[in-house]
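Take a look at the structure set out below.
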Amino acid sequence: MLETLMLSRIQFAANISFHILFPTITIALSWFLFFFKLRFDQTGNPVWMRAYRFWVKIFAITFAIGVVTGITMSFQFGTNWPKFMETVGNIAGPLLGYEVLTAFFLEAGFLGIMLFGMNRVSARVHTLSTLIVAIGTTLSAFWILALNSWMQTPQGHEMRDGVAFPVDWLAIIFNPSFPYRLSHMVVASGLTAAFLVAGISAYRLLKGDDKKAPKLTLKIALTVAMILTPLQIFIGDMHGLNTLEHQPQKIAAMEGVWHTEKGAPLLLFAVPDEQEKTNHFELAIPNMASFILTHDLQGEIKGLNEFEGDHPPVAPVFYAFRIMVGVGMLMLFISWTGRIQLWRNKPLPRWLLVGLVAMSFSGWIATLAGWYVTEIGRQPWLVTGILTVKDAATDIAPGNVALSLSLYLILYVVIMTAYLHTLFTMANRAVEIEEITEDEKVKAVINSVTTKENNYV
């Protein structure tokens, strides 16, 4: 049987990997919903309401799963990593508390109005509640990423008897990597939601659904993806420069640089060999890694040889980084290809619709790969320079961890199967078409007369 430390690592990785899938959707999907509702209020076009009613159900299911999996994950701080809260609880505790006091209270207070108050409160109040829920989900990301970024690049604290105490909360929150990590994650959420919306909309069109709502949501999603993909590439470049400054060993693992060198090549593919400290089967572009990271073809990149015993396992970081970048390039291609077709007023070809369906969950893949780069890339540290993963781990029997891990995995497989089944069942039935009320129809007719806006997309 594996030792307790490795089992605890696997269990936490499984939990956080499953959990992050759902907030990655809800953070941005809530803003999609606010946009749909706002446009309906402005135009009276029932197509916007159909889009809202369909996607708000998916949001509700996704949000609920995200909350539940987040609760189970938090328990592991005490059961699997007790030294974490003992050492940095003075910082981690308040940051997690701020999330509850700000983000969670906003979400809990207005989610019910958003989901069930459509015909019980005024249109303005309902739209405002949707906006507040969107702000709440984004605030959740703010506080969680403030803590995670501090664990990567800690500052604003002092150590007393092996315990971290805060001395400057602004420095703790706005630590060196926080702005880049927050923006990278928020844009990743936008891309995840955009490709999910585009994929489900394309799926409905392929199934013969010629209603206006999926055509509209496909257009909106492709527009968002077309804008966010190049923005994400730019943010990723800035994040890489910040990581080079503060965590050079992570960059060395990402790029497969074993020895410090100038003019380091960009490895498109290789097989890292940690025993021999070299790469096999390299496919590289000369000098390009140095150019990307230092903006100088002969820029120096520190190698892993300078971090003996203090660098992450190379292979998972190296491969995860390339998966993330590869998926990003696919996103760039398919979003721009699709949006250009729509600009030309041409229907999307079948191969592109099929491609969008296949890319429905590409945001999940890219997000997970990116988080593996981030989290595995800081090994052996749990909190850089303060606490190692090994020192934070529990000493309970490995059999207990193995049992809980098995139960978690079974539960997550069941939940994911049910979630995907529900998602595509809703797409097949397209139930939102039957839910336009008579008041909404009257509003749409009046608005079309007064504003001359076309109610058909």
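Note on naming: chains are A, B, ... as they come in the structure tokens, residues start from 1 per chain, ligands start from 1 in the order shown.
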
Strand (DSSP E) residues, from DSSP on the backbone, in stretch 181-376 of chain A, as a PDB file with N, CA and C atoms, in the first residue's frame:
ATOM      1  N   GLU A 261      21.243  28.032 -19.056  1.00  0.00           N
ATOM      2  CA  GLU A 261      21.755  28.302 -20.398  1.00  0.00           C
ATOM      3  C   GLU A 261      21.177  29.588 -20.960  1.00  0.00           C
ATOM      4  N   LYS A 262      21.927  30.156 -21.877  1.00  0.00           N
ATOM      5  CA  LYS A 262      21.459  31.307 -22.639  1.00  0.00           C
ATOM      6  C   LYS A 262      20.951  30.820 -23.987  1.00  0.00           C
ATOM      7  N   LEU A 266      12.722  26.438 -27.168  1.00  0.00           N
ATOM      8  CA  LEU A 266      11.352  26.129 -26.762  1.00  0.00           C
ATOM      9  C   LEU A 266      11.061  24.697 -27.173  1.00  0.00           C
ATOM     10  N   LEU A 267      10.840  23.837 -26.195  1.00  0.00           N
ATOM     11  CA  LEU A 267      10.597  22.422 -26.467  1.00  0.00           C
ATOM     12  C   LEU A 267       9.117  22.207 -26.767  1.00  0.00           C
ATOM     13  N   LEU A 268       8.815  21.915 -28.021  1.00  0.00           N
ATOM     14  CA  LEU A 268       7.442  21.583 -28.383  1.00  0.00           C
ATOM     15  C   LEU A 268       7.069  20.215 -27.844  1.00  0.00           C
ATOM     16  N   PHE A 269       8.052  19.319 -27.838  1.00  0.00           N
ATOM     17  CA  PHE A 269       7.854  17.981 -27.282  1.00  0.00           C
ATOM     18  C   PHE A 269       9.197  17.443 -26.827  1.00  0.00           C
ATOM     19  N   ALA A 270       9.160  16.664 -25.766  1.00  0.00           N
ATOM     20  CA  ALA A 270      10.352  15.969 -25.276  1.00  0.00           C
ATOM     21  C   ALA A 270       9.897  14.967 -24.227  1.00  0.00           C
ATOM     22  N   VAL A 271      10.789  14.069 -23.884  1.00  0.00           N
ATOM     23  CA  VAL A 271      10.541  13.116 -22.798  1.00  0.00           C
ATOM     24  C   VAL A 271      11.567  13.402 -21.711  1.00  0.00           C
ATOM     25  N   PRO A 272      11.179  14.129 -20.653  1.00  0.00           N
ATOM     26  CA  PRO A 272      12.132  14.452 -19.588  1.00  0.00           C
ATOM     27  C   PRO A 272      12.586  13.199 -18.841  1.00  0.00           C
ATOM     28  N   ASP A 273      13.862  13.125 -18.556  1.00  0.00           N
ATOM     29  CA  ASP A 273      14.458  11.998 -17.830  1.00  0.00           C
ATOM     30  C   ASP A 273      15.108  12.552 -16.569  1.00  0.00           C
ATOM     31  N   THR A 278      18.165  14.914 -18.343  1.00  0.00           N
ATOM     32  CA  THR A 278      18.202  15.305 -19.748  1.00  0.00           C
ATOM     33  C   THR A 278      16.841  15.044 -20.380  1.00  0.00           C
ATOM     34  N   ASN A 279      16.692  15.454 -21.620  1.00  0.00           N
ATOM     35  CA  ASN A 279      15.456  15.215 -22.368  1.00  0.00           C
ATOM     36  C   ASN A 279      15.736  14.308 -23.552  1.00  0.00           C
ATOM     37  N   HIS A 280      14.807  13.425 -23.841  1.00  0.00           N
ATOM     38  CA  HIS A 280      14.911  12.554 -25.006  1.00  0.00           C
ATOM     39  C   HIS A 280      13.877  12.981 -26.049  1.00  0.00           C
ATOM     40  N   PHE A 281      14.180  12.695 -27.308  1.00  0.00           N
ATOM     41  CA  PHE A 281      13.253  12.933 -28.429  1.00  0.00           C
ATOM     42  C   PHE A 281      12.791  14.395 -28.485  1.00  0.00           C
ATOM     43  N   GLU A 282      13.725  15.301 -28.389  1.00  0.00           N
ATOM     44  CA  GLU A 282      13.381  16.723 -28.378  1.00  0.00           C
ATOM     45  C   GLU A 282      12.924  17.216 -29.748  1.00  0.00           C
ATOM     46  N   LEU A 283      11.850  17.984 -29.731  1.00  0.00           N
ATOM     47  CA  LEU A 283      11.403  18.740 -30.900  1.00  0.00           C
ATOM     48  C   LEU A 283      11.339  20.188 -30.442  1.00  0.00           C
ATOM     49  N   ALA A 284      12.288  21.010 -30.918  1.00  0.00           N
ATOM     50  CA  ALA A 284      12.481  22.323 -30.314  1.00  0.00           C
ATOM     51  C   ALA A 284      12.615  23.425 -31.354  1.00  0.00           C
ATOM     52  N   ILE A 285      12.302  24.647 -30.911  1.00  0.00           N
ATOM     53  CA  ILE A 285      12.549  25.859 -31.693  1.00  0.00           C
ATOM     54  C   ILE A 285      13.708  26.588 -31.022  1.00  0.00           C
ATOM     55  N   GLU A 300      19.101  34.477 -20.372  1.00  0.00           N
ATOM     56  CA  GLU A 300      19.508  33.331 -19.546  1.00  0.00           C
ATOM     57  C   GLU A 300      18.317  32.767 -18.779  1.00  0.00           C
ATOM     58  N   ILE A 301      18.180  31.455 -18.829  1.00  0.00           N
ATOM     59  CA  ILE A 301      17.162  30.728 -18.068  1.00  0.00           C
ATOM     60  C   ILE A 301      17.874  29.829 -17.070  1.00  0.00           C
TER      61      ILE A 301
END

Would you write out, as JSON lines, a table of all residues in stretch 171-198 of chain A that have an atom no more than 7 Å from an atom of stretch 151-159 of chain A, listing for each the closest atom pair and the distance in Å to one decimal, considering only C-alpha atoms and ordering rows by chain and rising residue number?
{"residue": "A:Ala171", "atom": "CA", "partner": "A:Gly156", "partner_atom": "CA", "distance": 4.9}
{"residue": "A:Ile172", "atom": "CA", "partner": "A:Gly156", "partner_atom": "CA", "distance": 4.9}
{"residue": "A:Asn175", "atom": "CA", "partner": "A:Gln155", "partner_atom": "CA", "distance": 6.4}
{"residue": "A:Pro176", "atom": "CA", "partner": "A:Thr153", "partner_atom": "CA", "distance": 6.3}
{"residue": "A:Ser177", "atom": "CA", "partner": "A:Thr153", "partner_atom": "CA", "distance": 6.4}

Would you write out those residues with N, CA and C atoms, as an mmCIF file, in the first residue's frame?
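Listed below is the output, result_4.cif:
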data_model
loop_
_atom_site.group_PDB
_atom_site.id
_atom_site.type_symbol
_atom_site.label_atom_id
_atom_site.label_comp_id
_atom_site.auth_asym_id
_atom_site.auth_seq_id
_atom_site.Cartn_x
_atom_site.Cartn_y
_atom_site.Cartn_z
ATOM 1 N N ALA A 171 -0.296 43.601 1.835
ATOM 2 C CA ALA A 171 0.822 42.889 1.206
ATOM 3 C C ALA A 171 0.513 41.407 1.073
ATOM 4 N N ILE A 172 -0.188 40.851 2.058
ATOM 5 C CA ILE A 172 -0.562 39.437 1.994
ATOM 6 C C ILE A 172 -1.529 39.198 0.837
ATOM 7 N N ASN A 175 -0.117 39.992 -3.017
ATOM 8 C CA ASN A 175 1.248 39.477 -3.108
ATOM 9 C C ASN A 175 1.702 39.454 -4.567
ATOM 10 N N PRO A 176 2.982 39.207 -4.831
ATOM 11 C CA PRO A 176 3.508 39.392 -6.194
ATOM 12 C C PRO A 176 2.803 38.614 -7.298
ATOM 13 N N SER A 177 2.316 37.418 -7.012
ATOM 14 C CA SER A 177 1.712 36.613 -8.085
ATOM 15 C C SER A 177 0.194 36.748 -8.161
#

Distance criterion (only C-alpha atoms): nearest to A:Thr425 out of A:Gln232, A:Gly109, A:Val88, A:Ile200:
A:Ile200

Using only C-alpha atoms, what does the table of stretch 26-96 of chain A residues within 7 Å of stretch 384-404 of chain A look like, with each row giving the shortest atom pair and its distance in Å to one decimal, sorted by chain and ascending number, as a tab-separated table?
residue	atom	partner	partner_atom	distance
A:Thr79	CA	A:Thr394	CA	7.0
A:Asn80	CA	A:Thr394	CA	5.0
A:Trp81	CA	A:Ala393	CA	4.6
A:Pro82	CA	A:Thr394	CA	6.2
A:Lys83	CA	A:Ala392	CA	4.4
A:Phe84	CA	A:Ala392	CA	5.4

Generate a file of the selected residues that holds N, CA and C atoms, formatted as a PDB file, in the first residue's frame.
ATOM      1  N   THR A  79      -7.947  16.997   8.579  1.00  0.00           N
ATOM      2  CA  THR A  79      -7.735  15.548   8.642  1.00  0.00           C
ATOM      3  C   THR A  79      -6.441  15.096   7.976  1.00  0.00           C
ATOM      4  N   ASN A  80      -6.082  15.698   6.865  1.00  0.00           N
ATOM      5  CA  ASN A  80      -4.919  15.242   6.105  1.00  0.00           C
ATOM      6  C   ASN A  80      -3.708  16.164   6.209  1.00  0.00           C
ATOM      7  N   TRP A  81      -3.954  17.438   6.497  1.00  0.00           N
ATOM      8  CA  TRP A  81      -2.847  18.410   6.528  1.00  0.00           C
ATOM      9  C   TRP A  81      -2.936  19.279   7.790  1.00  0.00           C
ATOM     10  N   PRO A  82      -2.871  18.669   8.971  1.00  0.00           N
ATOM     11  CA  PRO A  82      -3.077  19.431  10.214  1.00  0.00           C
ATOM     12  C   PRO A  82      -2.043  20.524  10.447  1.00  0.00           C
ATOM     13  N   LYS A  83      -0.810  20.311  10.018  1.00  0.00           N
ATOM     14  CA  LYS A  83       0.238  21.306  10.245  1.00  0.00           C
ATOM     15  C   LYS A  83       0.026  22.574   9.419  1.00  0.00           C
ATOM     16  N   PHE A  84      -0.780  22.466   8.366  1.00  0.00           N
ATOM     17  CA  PHE A  84      -1.018  23.641   7.531  1.00  0.00           C
ATOM     18  C   PHE A  84      -1.682  24.748   8.344  1.00  0.00           C
TER      19      PHE A  84
END

For the alpha helix (DSSP H) assignment from backbone DSSP, which residues of stretch 145-268 of chain A qualify? Please present them as number ranges by chain.
A: 145-152, 169-173, 178-206, 212-246, 248-255

Neighbouring residues of A:Ile220 were defined as those with any atom within 9 Å, considering only C-alpha atoms; residues of the same chain fewer than 4 positions away were excluded. Please report them as a PyMOL selection string.
chain A and resi 32+194+197-198+215-216+224-225

Give me a file of those residues, with N, CA and C atoms, as a PDB file, in the first residue's frame.
ATOM      1  N   PHE A  32     -22.689  35.609 -17.928  1.00  0.00           N
ATOM      2  CA  PHE A  32     -23.496  35.336 -19.122  1.00  0.00           C
ATOM      3  C   PHE A  32     -24.974  35.534 -18.806  1.00  0.00           C
ATOM      4  N   ALA A 194     -17.661  29.924 -21.997  1.00  0.00           N
ATOM      5  CA  ALA A 194     -17.930  30.238 -23.403  1.00  0.00           C
ATOM      6  C   ALA A 194     -17.953  28.980 -24.256  1.00  0.00           C
ATOM      7  N   VAL A 197     -21.082  26.871 -23.376  1.00  0.00           N
ATOM      8  CA  VAL A 197     -22.274  27.438 -24.015  1.00  0.00           C
ATOM      9  C   VAL A 197     -22.244  27.177 -25.514  1.00  0.00           C
ATOM     10  N   ALA A 198     -21.091  27.399 -26.142  1.00  0.00           N
ATOM     11  CA  ALA A 198     -20.974  27.168 -27.586  1.00  0.00           C
ATOM     12  C   ALA A 198     -21.176  25.696 -27.926  1.00  0.00           C
ATOM     13  N   LYS A 215     -28.946  29.586 -31.515  1.00  0.00           N
ATOM     14  CA  LYS A 215     -28.182  30.365 -32.497  1.00  0.00           C
ATOM     15  C   LYS A 215     -27.616  31.627 -31.851  1.00  0.00           C
ATOM     16  N   LEU A 216     -28.434  32.245 -31.004  1.00  0.00           N
ATOM     17  CA  LEU A 216     -27.993  33.458 -30.325  1.00  0.00           C
ATOM     18  C   LEU A 216     -26.871  33.160 -29.336  1.00  0.00           C
ATOM     19  N   VAL A 224     -17.262  35.902 -27.193  1.00  0.00           N
ATOM     20  CA  VAL A 224     -16.518  35.949 -25.932  1.00  0.00           C
ATOM     21  C   VAL A 224     -15.213  35.165 -26.056  1.00  0.00           C
ATOM     22  N   ALA A 225     -15.287  33.963 -26.622  1.00  0.00           N
ATOM     23  CA  ALA A 225     -14.089  33.130 -26.765  1.00  0.00           C
ATOM     24  C   ALA A 225     -13.063  33.781 -27.679  1.00  0.00           C
TER      25      ALA A 225
END

Which is closer to A:Thr422 than all the others in A:Ile61, A:Val257, A:Leu405, A:Leu96, using only C-alpha atoms?
A:Ile61

Tell me, counting only C-alpha atoms, for each residue of stretch 20-104 of chain A within 12 Å of stretch 7-13 of chain A, which pair of atoms is nearest and how far apart they are in Å to one decimal, in rows ordered by chain and increasing number, as a Markdown table.
| residue | atom | partner | partner_atom | distance |
| --- | --- | --- | --- | --- |
| A:Ile20 | CA | A:Ala13 | CA | 10.5 |
| A:Thr69 | CA | A:Phe12 | CA | 11.5 |
| A:Gly70 | CA | A:Phe12 | CA | 11.5 |
| A:Thr72 | CA | A:Phe12 | CA | 10.1 |
| A:Met73 | CA | A:Phe12 | CA | 7.3 |
| A:Ser74 | CA | A:Phe12 | CA | 9.8 |
| A:Phe75 | CA | A:Phe12 | CA | 10.3 |
| A:Gln76 | CA | A:Phe12 | CA | 7.4 |
| A:Phe77 | CA | A:Phe12 | CA | 9.3 |
| A:Gly78 | CA | A:Ser8 | CA | 11.8 |
| A:Thr79 | CA | A:Ser8 | CA | 9.4 |
| A:Asn80 | CA | A:Ser8 | CA | 6.1 |
| A:Trp81 | CA | A:Ser8 | CA | 8.2 |
| A:Pro82 | CA | A:Ser8 | CA | 11.6 |

Hey, can you spit out that residue selection with N, CA and C atoms as a short mmCIF file (atom, residue, chain, number, x, y, z; two decimals), in the first residue's frame?
data_model
loop_
_atom_site.label_atom_id
_atom_site.label_comp_id
_atom_site.auth_asym_id
_atom_site.auth_seq_id
_atom_site.Cartn_x
_atom_site.Cartn_y
_atom_site.Cartn_z
N ILE A 20 -12.77 22.20 -8.63
CA ILE A 20 -12.48 23.38 -9.45
C ILE A 20 -13.25 23.38 -10.76
N THR A 69 -18.81 20.11 -2.99
CA THR A 69 -17.43 19.61 -3.10
C THR A 69 -16.44 20.54 -2.41
N GLY A 70 -16.76 21.82 -2.32
CA GLY A 70 -15.89 22.73 -1.60
C GLY A 70 -15.89 22.46 -0.11
N THR A 72 -16.43 19.48 1.39
CA THR A 72 -15.65 18.26 1.67
C THR A 72 -14.16 18.53 1.56
N MET A 73 -13.77 19.41 0.66
CA MET A 73 -12.35 19.71 0.49
C MET A 73 -11.79 20.42 1.72
N SER A 74 -12.58 21.32 2.30
CA SER A 74 -12.08 22.09 3.45
C SER A 74 -11.82 21.20 4.66
N PHE A 75 -12.57 20.09 4.79
CA PHE A 75 -12.34 19.18 5.91
C PHE A 75 -10.93 18.62 5.90
N GLN A 76 -10.35 18.49 4.73
CA GLN A 76 -9.05 17.84 4.63
C GLN A 76 -7.91 18.67 5.21
N PHE A 77 -8.14 19.97 5.38
CA PHE A 77 -7.12 20.77 6.05
C PHE A 77 -6.85 20.24 7.45
N GLY A 78 -7.91 19.78 8.11
CA GLY A 78 -7.75 19.25 9.45
C GLY A 78 -7.39 17.79 9.50
N THR A 79 -7.95 17.00 8.58
CA THR A 79 -7.74 15.55 8.64
C THR A 79 -6.44 15.10 7.98
N ASN A 80 -6.08 15.70 6.86
CA ASN A 80 -4.92 15.24 6.11
C ASN A 80 -3.71 16.16 6.21
N TRP A 81 -3.95 17.44 6.50
CA TRP A 81 -2.85 18.41 6.53
C TRP A 81 -2.94 19.28 7.79
N PRO A 82 -2.87 18.67 8.97
CA PRO A 82 -3.08 19.43 10.21
C PRO A 82 -2.04 20.52 10.45
#

If we count only C-alpha atoms, what is near A:Met324 at a cut-off of 6 Å, once residues fewer than 2 positions away on the same chain are taken out, given as a VMD selection string?
chain A and resid 321 to 322 326 to 327 366 369 to 370

If we count only C-alpha atoms and set the cut-off at 12 Å, which residues sit around A:Pro179, ignoring sequence neighbours fewer than 4 positions away in its own chain? Please answer as a PyMOL selection string.
chain A and resi 141-143+145-146+148-150+153+173-175+183-186+235-236+238-239+242

Export of prior selection with N, CA and C atoms as a PDB file, in the first residue's frame:
ATOM      1  N   ALA A 141     -13.626  33.789  -6.016  1.00  0.00           N
ATOM      2  CA  ALA A 141     -12.346  33.565  -6.689  1.00  0.00           C
ATOM      3  C   ALA A 141     -11.281  34.511  -6.157  1.00  0.00           C
ATOM      4  N   PHE A 142     -11.658  35.754  -5.876  1.00  0.00           N
ATOM      5  CA  PHE A 142     -10.704  36.744  -5.374  1.00  0.00           C
ATOM      6  C   PHE A 142     -10.038  36.258  -4.093  1.00  0.00           C
ATOM      7  N   TRP A 143     -10.839  35.842  -3.113  1.00  0.00           N
ATOM      8  CA  TRP A 143     -10.280  35.480  -1.810  1.00  0.00           C
ATOM      9  C   TRP A 143      -9.529  34.155  -1.856  1.00  0.00           C
ATOM     10  N   LEU A 145      -8.024  32.832  -4.420  1.00  0.00           N
ATOM     11  CA  LEU A 145      -6.775  33.014  -5.159  1.00  0.00           C
ATOM     12  C   LEU A 145      -5.804  33.918  -4.413  1.00  0.00           C
ATOM     13  N   ALA A 146      -6.311  34.805  -3.563  1.00  0.00           N
ATOM     14  CA  ALA A 146      -5.413  35.580  -2.704  1.00  0.00           C
ATOM     15  C   ALA A 146      -4.644  34.643  -1.780  1.00  0.00           C
ATOM     16  N   ASN A 148      -4.197  31.290  -2.234  1.00  0.00           N
ATOM     17  CA  ASN A 148      -3.342  30.409  -3.023  1.00  0.00           C
ATOM     18  C   ASN A 148      -2.091  31.134  -3.510  1.00  0.00           C
ATOM     19  N   SER A 149      -2.256  32.380  -3.938  1.00  0.00           N
ATOM     20  CA  SER A 149      -1.107  33.140  -4.423  1.00  0.00           C
ATOM     21  C   SER A 149      -0.133  33.440  -3.291  1.00  0.00           C
ATOM     22  N   TRP A 150      -0.666  33.731  -2.104  1.00  0.00           N
ATOM     23  CA  TRP A 150       0.219  33.955  -0.962  1.00  0.00           C
ATOM     24  C   TRP A 150       1.017  32.695  -0.645  1.00  0.00           C
ATOM     25  N   THR A 153       3.778  32.842  -3.317  1.00  0.00           N
ATOM     26  CA  THR A 153       4.728  33.956  -3.168  1.00  0.00           C
ATOM     27  C   THR A 153       4.394  34.718  -1.889  1.00  0.00           C
ATOM     28  N   ILE A 173      -2.569  40.020   0.762  1.00  0.00           N
ATOM     29  CA  ILE A 173      -3.589  39.821  -0.282  1.00  0.00           C
ATOM     30  C   ILE A 173      -3.011  40.105  -1.660  1.00  0.00           C
ATOM     31  N   PHE A 174      -2.374  41.258  -1.792  1.00  0.00           N
ATOM     32  CA  PHE A 174      -1.846  41.656  -3.103  1.00  0.00           C
ATOM     33  C   PHE A 174      -0.369  41.288  -3.205  1.00  0.00           C
ATOM     34  N   ASN A 175      -0.117  39.992  -3.017  1.00  0.00           N
ATOM     35  CA  ASN A 175       1.248  39.477  -3.108  1.00  0.00           C
ATOM     36  C   ASN A 175       1.702  39.454  -4.567  1.00  0.00           C
ATOM     37  N   SER A 183      -6.321  37.139 -12.613  1.00  0.00           N
ATOM     38  CA  SER A 183      -6.767  37.444 -13.978  1.00  0.00           C
ATOM     39  C   SER A 183      -6.710  36.204 -14.859  1.00  0.00           C
ATOM     40  N   HIS A 184      -5.682  35.375 -14.672  1.00  0.00           N
ATOM     41  CA  HIS A 184      -5.555  34.144 -15.454  1.00  0.00           C
ATOM     42  C   HIS A 184      -6.728  33.210 -15.180  1.00  0.00           C
ATOM     43  N   MET A 185      -7.138  33.115 -13.909  1.00  0.00           N
ATOM     44  CA  MET A 185      -8.222  32.214 -13.540  1.00  0.00           C
ATOM     45  C   MET A 185      -9.576  32.754 -13.982  1.00  0.00           C
ATOM     46  N   VAL A 186      -9.802  34.047 -13.832  1.00  0.00           N
ATOM     47  CA  VAL A 186     -11.085  34.624 -14.239  1.00  0.00           C
ATOM     48  C   VAL A 186     -11.281  34.488 -15.746  1.00  0.00           C
ATOM     49  N   ILE A 235      -2.034  37.365 -20.867  1.00  0.00           N
ATOM     50  CA  ILE A 235      -1.935  37.253 -19.410  1.00  0.00           C
ATOM     51  C   ILE A 235      -0.990  36.120 -19.030  1.00  0.00           C
ATOM     52  N   GLY A 236      -1.071  35.008 -19.753  1.00  0.00           N
ATOM     53  CA  GLY A 236      -0.179  33.889 -19.484  1.00  0.00           C
ATOM     54  C   GLY A 236       1.276  34.266 -19.660  1.00  0.00           C
ATOM     55  N   MET A 238       2.553  37.292 -19.232  1.00  0.00           N
ATOM     56  CA  MET A 238       2.899  38.127 -18.083  1.00  0.00           C
ATOM     57  C   MET A 238       3.065  37.283 -16.816  1.00  0.00           C
ATOM     58  N   HIS A 239       2.196  36.293 -16.661  1.00  0.00           N
ATOM     59  CA  HIS A 239       2.277  35.391 -15.509  1.00  0.00           C
ATOM     60  C   HIS A 239       3.590  34.609 -15.545  1.00  0.00           C
ATOM     61  N   ASN A 242       6.398  36.779 -14.338  1.00  0.00           N
ATOM     62  CA  ASN A 242       6.341  36.895 -12.886  1.00  0.00           C
ATOM     63  C   ASN A 242       6.850  35.626 -12.210  1.00  0.00           C
TER      64      ASN A 242
END

Test item: residues at most 7 Å from stretch 33-35 of chain A, only C-alpha atoms, excluding those fewer than 2 positions along its chain, as a compact mmCIF listing (two decimals) with N, CA and C atoms, in the first residue's frame:
# COMPACT_ATOMS: atom_id res chain seq x y z
N LEU A 29 -20.31 31.90 -16.01
CA LEU A 29 -21.68 31.67 -16.48
C LEU A 29 -22.65 32.63 -15.81
N SER A 30 -22.37 33.01 -14.57
CA SER A 30 -23.23 33.99 -13.90
C SER A 30 -23.24 35.32 -14.63
N TRP A 31 -22.10 35.70 -15.22
CA TRP A 31 -22.05 36.95 -15.98
C TRP A 31 -22.76 36.79 -17.33
N LYS A 37 -30.18 38.42 -19.16
CA LYS A 37 -31.33 39.05 -18.48
C LYS A 37 -31.37 40.55 -18.76
N LEU A 38 -30.23 41.19 -18.75
CA LEU A 38 -30.18 42.62 -19.02
C LEU A 38 -30.65 42.93 -20.43
N ARG A 39 -30.24 42.12 -21.39
CA ARG A 39 -30.66 42.33 -22.77
C ARG A 39 -32.16 42.11 -22.94
N TYR A 52 -31.75 32.69 -21.13
CA TYR A 52 -31.57 32.81 -19.68
C TYR A 52 -32.17 31.61 -18.95
N VAL A 56 -29.84 29.17 -16.74
CA VAL A 56 -29.91 29.36 -15.30
C VAL A 56 -30.09 28.02 -14.58
N THR A 127 -33.03 41.29 -12.01
CA THR A 127 -31.78 41.49 -12.74
C THR A 127 -30.66 41.89 -11.78
N THR A 130 -29.34 38.86 -10.04
CA THR A 130 -28.44 38.11 -10.93
C THR A 130 -27.06 38.75 -10.95
N LEU A 131 -27.01 40.07 -10.99
CA LEU A 131 -25.73 40.78 -10.96
C LEU A 131 -24.99 40.53 -9.65

If we count only C-alpha atoms and set the cut-off at 10 Å, which residues sit around A:Thr102, ignoring sequence neighbours fewer than 2 positions away in its own chain? Please answer as a ChimeraX atom specification.
/A:97-100,104-107,135-136,139-140,143

Please dump the current selection as a PDB file, in the first residue's frame; keep N, CA and C atoms.
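Saved result, again-v3.pdb, follows:
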ATOM      1  N   GLY A  97     -12.316  33.147   5.812  1.00  0.00           N
ATOM      2  CA  GLY A  97     -13.455  33.786   6.461  1.00  0.00           C
ATOM      3  C   GLY A  97     -13.981  34.974   5.679  1.00  0.00           C
ATOM      4  N   TYR A  98     -13.072  35.739   5.079  1.00  0.00           N
ATOM      5  CA  TYR A  98     -13.504  36.874   4.256  1.00  0.00           C
ATOM      6  C   TYR A  98     -14.345  36.401   3.072  1.00  0.00           C
ATOM      7  N   GLU A  99     -13.989  35.239   2.539  1.00  0.00           N
ATOM      8  CA  GLU A  99     -14.779  34.705   1.420  1.00  0.00           C
ATOM      9  C   GLU A  99     -16.210  34.430   1.861  1.00  0.00           C
ATOM     10  N   VAL A 100     -16.342  33.833   3.052  1.00  0.00           N
ATOM     11  CA  VAL A 100     -17.682  33.525   3.562  1.00  0.00           C
ATOM     12  C   VAL A 100     -18.459  34.807   3.847  1.00  0.00           C
ATOM     13  N   PHE A 104     -19.875  34.480  -0.106  1.00  0.00           N
ATOM     14  CA  PHE A 104     -20.897  33.463   0.144  1.00  0.00           C
ATOM     15  C   PHE A 104     -22.196  34.089   0.637  1.00  0.00           C
ATOM     16  N   PHE A 105     -22.105  35.124   1.466  1.00  0.00           N
ATOM     17  CA  PHE A 105     -23.323  35.781   1.944  1.00  0.00           C
ATOM     18  C   PHE A 105     -24.067  36.449   0.796  1.00  0.00           C
ATOM     19  N   LEU A 106     -23.339  37.051  -0.137  1.00  0.00           N
ATOM     20  CA  LEU A 106     -23.985  37.638  -1.310  1.00  0.00           C
ATOM     21  C   LEU A 106     -24.703  36.571  -2.125  1.00  0.00           C
ATOM     22  N   GLU A 107     -24.001  35.470  -2.365  1.00  0.00           N
ATOM     23  CA  GLU A 107     -24.586  34.394  -3.168  1.00  0.00           C
ATOM     24  C   GLU A 107     -25.796  33.792  -2.463  1.00  0.00           C
ATOM     25  N   ILE A 135     -21.317  38.925  -8.980  1.00  0.00           N
ATOM     26  CA  ILE A 135     -20.265  39.575  -8.190  1.00  0.00           C
ATOM     27  C   ILE A 135     -19.790  38.647  -7.080  1.00  0.00           C
ATOM     28  N   GLY A 136     -20.731  37.939  -6.450  1.00  0.00           N
ATOM     29  CA  GLY A 136     -20.375  37.020  -5.377  1.00  0.00           C
ATOM     30  C   GLY A 136     -19.475  35.890  -5.833  1.00  0.00           C
ATOM     31  N   LEU A 139     -16.063  37.317  -6.320  1.00  0.00           N
ATOM     32  CA  LEU A 139     -15.404  37.585  -5.044  1.00  0.00           C
ATOM     33  C   LEU A 139     -14.864  36.306  -4.415  1.00  0.00           C
ATOM     34  N   SER A 140     -15.583  35.199  -4.592  1.00  0.00           N
ATOM     35  CA  SER A 140     -15.078  33.912  -4.097  1.00  0.00           C
ATOM     36  C   SER A 140     -13.720  33.610  -4.707  1.00  0.00           C
ATOM     37  N   TRP A 143     -10.839  35.842  -3.113  1.00  0.00           N
ATOM     38  CA  TRP A 143     -10.280  35.480  -1.810  1.00  0.00           C
ATOM     39  C   TRP A 143      -9.529  34.155  -1.856  1.00  0.00           C
TER      40      TRP A 143
END
